[in-house]
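The structure appears right after this line, and notes come after that.
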Amino acid sequence: MAQVEATTERVVAADPETVFDTLADYSGTRAKLLPEHFSEYEVREGGDGEGTLVHWKLQATSKRVRDCLLEVTEPTDGELVEKDRNSSMVTTWRVTPAGEGRSRVVVTTVWNGAGGIGGFFEKTFAPKGLGRIYDAVLAKLAAEVEK
């Protein structure tokens with residue numbers, strides 16, 4: 001089983017604190033940032049950053065749906081980590097300054113991929129697909145914070 005990694009980033013015209021607070025607002029703004037690949041969104045505990053437990057289904061392809069139950073932590077300033085209780089998947093959001101009134105948002109998801117030929121295809125194609133999904137999230141995030 002090889003580790004699979006997908007990383008996407010975007011610079012947005014808003015200060016890091018605003019961007020981070022928007023991402024960490026699971027009970028409010030976060031649901032609005034999710035494209036059609038996400039369904040059954042539900043905050044089960046908390047709702048603002050550290051200590052949040054959130055559920056959603058992620059439909060990465062027409063045949064592949066992940067049922068995600070994510071525990072949210074904030075290990076360092078400007079960092080949100082979502083660990084899936086149902087799999088090895090971990091998504092890390094990092095928000096850092098990128099000049100006056102601008103922020104760089106980097107989202108990285110890693111998981112243990114399948115073995116064999118299926119694993120080869122997963123490692124080859126899944127990062128691109130997930131990258132497109134998170135690109136859409138980051139575009140909605142930019143639209144939200146750049147208002």
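By convention in this document, the chains of the structure tokens carry letters A, B, ... by their order, each chain's residues are numbered from 1, and ligands are numbered from 1 in the order they are shown.
The shell of residues at most 12 Å from Glu45 of chain A, with only C-alpha atoms counted and near chain neighbours (fewer than 2 positions) removed, consists of A:Tyr26, A:Ser27, A:Glu42, A:Val43, A:Gly47, A:Asp48, A:Gly49, A:Glu50, A:Gly51, A:Thr52, A:Leu53, A:Val54, A:His55, A:Leu69, A:Leu70, A:Glu71, A:Val72.
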Once you have the residues from the selection above, write them out as a compact mmCIF listing (two decimals), in the first residue's frame, restricted to N, CA, C and O atoms.
# COMPACT_ATOMS: atom_id res chain seq x y z
N TYR A 26 -17.17 25.44 10.69
CA TYR A 26 -17.87 24.26 10.17
C TYR A 26 -19.38 24.37 10.34
O TYR A 26 -20.13 23.81 9.56
N SER A 27 -19.85 25.09 11.38
CA SER A 27 -21.29 25.18 11.61
C SER A 27 -21.93 26.27 10.77
O SER A 27 -23.16 26.37 10.72
N GLU A 42 -22.92 17.32 7.88
CA GLU A 42 -23.52 17.44 9.21
C GLU A 42 -22.44 17.64 10.26
O GLU A 42 -21.49 16.87 10.35
N VAL A 43 -22.58 18.69 11.06
CA VAL A 43 -21.69 18.91 12.20
C VAL A 43 -22.26 18.11 13.37
O VAL A 43 -23.42 18.32 13.75
N GLY A 47 -18.12 22.76 16.07
CA GLY A 47 -18.56 23.54 14.92
C GLY A 47 -17.61 24.65 14.54
O GLY A 47 -17.72 25.24 13.48
N ASP A 48 -16.64 24.92 15.45
CA ASP A 48 -15.66 25.97 15.16
C ASP A 48 -14.26 25.45 15.44
O ASP A 48 -13.80 25.46 16.59
N GLY A 49 -13.59 24.97 14.40
CA GLY A 49 -12.19 24.53 14.52
C GLY A 49 -11.99 23.34 15.44
O GLY A 49 -12.76 22.38 15.40
N GLU A 50 -10.95 23.43 16.27
CA GLU A 50 -10.54 22.36 17.19
C GLU A 50 -11.74 21.77 17.92
O GLU A 50 -12.58 22.49 18.45
N GLY A 51 -11.80 20.43 17.93
CA GLY A 51 -12.86 19.74 18.66
C GLY A 51 -14.11 19.48 17.84
O GLY A 51 -15.06 18.87 18.32
N THR A 52 -14.13 19.94 16.60
CA THR A 52 -15.29 19.71 15.74
C THR A 52 -15.26 18.27 15.22
O THR A 52 -14.20 17.73 14.91
N LEU A 53 -16.43 17.68 15.13
CA LEU A 53 -16.62 16.38 14.49
C LEU A 53 -17.65 16.61 13.40
O LEU A 53 -18.77 17.03 13.68
N VAL A 54 -17.23 16.41 12.14
CA VAL A 54 -18.10 16.72 11.00
C VAL A 54 -18.18 15.51 10.08
O VAL A 54 -17.21 14.77 9.92
N HIS A 55 -19.36 15.31 9.51
CA HIS A 55 -19.59 14.19 8.59
C HIS A 55 -19.94 14.73 7.21
O HIS A 55 -20.61 15.75 7.09
N LEU A 69 -16.03 10.78 8.41
CA LEU A 69 -16.35 11.31 9.73
C LEU A 69 -15.04 11.89 10.25
O LEU A 69 -14.12 11.16 10.61
N LEU A 70 -14.96 13.23 10.25
CA LEU A 70 -13.69 13.90 10.45
C LEU A 70 -13.57 14.58 11.81
O LEU A 70 -14.46 15.34 12.20
N GLU A 71 -12.47 14.29 12.48
CA GLU A 71 -12.12 14.98 13.73
C GLU A 71 -11.20 16.13 13.37
O GLU A 71 -10.20 15.93 12.68
N VAL A 72 -11.52 17.33 13.84
CA VAL A 72 -10.75 18.52 13.50
C VAL A 72 -9.85 18.92 14.66
O VAL A 72 -10.29 19.00 15.80
message = I want to know what sits within 8 Å of Phe38 of chain A, based on only C-alpha atoms, with residues of the same chain fewer than 6 positions away left out; could you give that as a PyMOL selection string?
response = chain A and resi 56-59
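Minimum distance to Lys83 of chain A across A:Ala13, A:Ala31, A:Cys68, A:Ala126 (counting only C-alpha atoms) occurs at A:Cys68.
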key: strand (DSSP E) per DSSP on the backbone: members of chain A, as a PyMOL selection string   = chain A and resi 3-12+38-45+53-59+65-73+79-84+90-97+103-112
message = Could you list, as a ChimeraX atom specification, every residue within 6 Å of segment 103-112 of chain A, counting only C-alpha atoms and ignoring same-chain residues fewer than 3 positions away?
response = /A:2-12,15-16,88-98
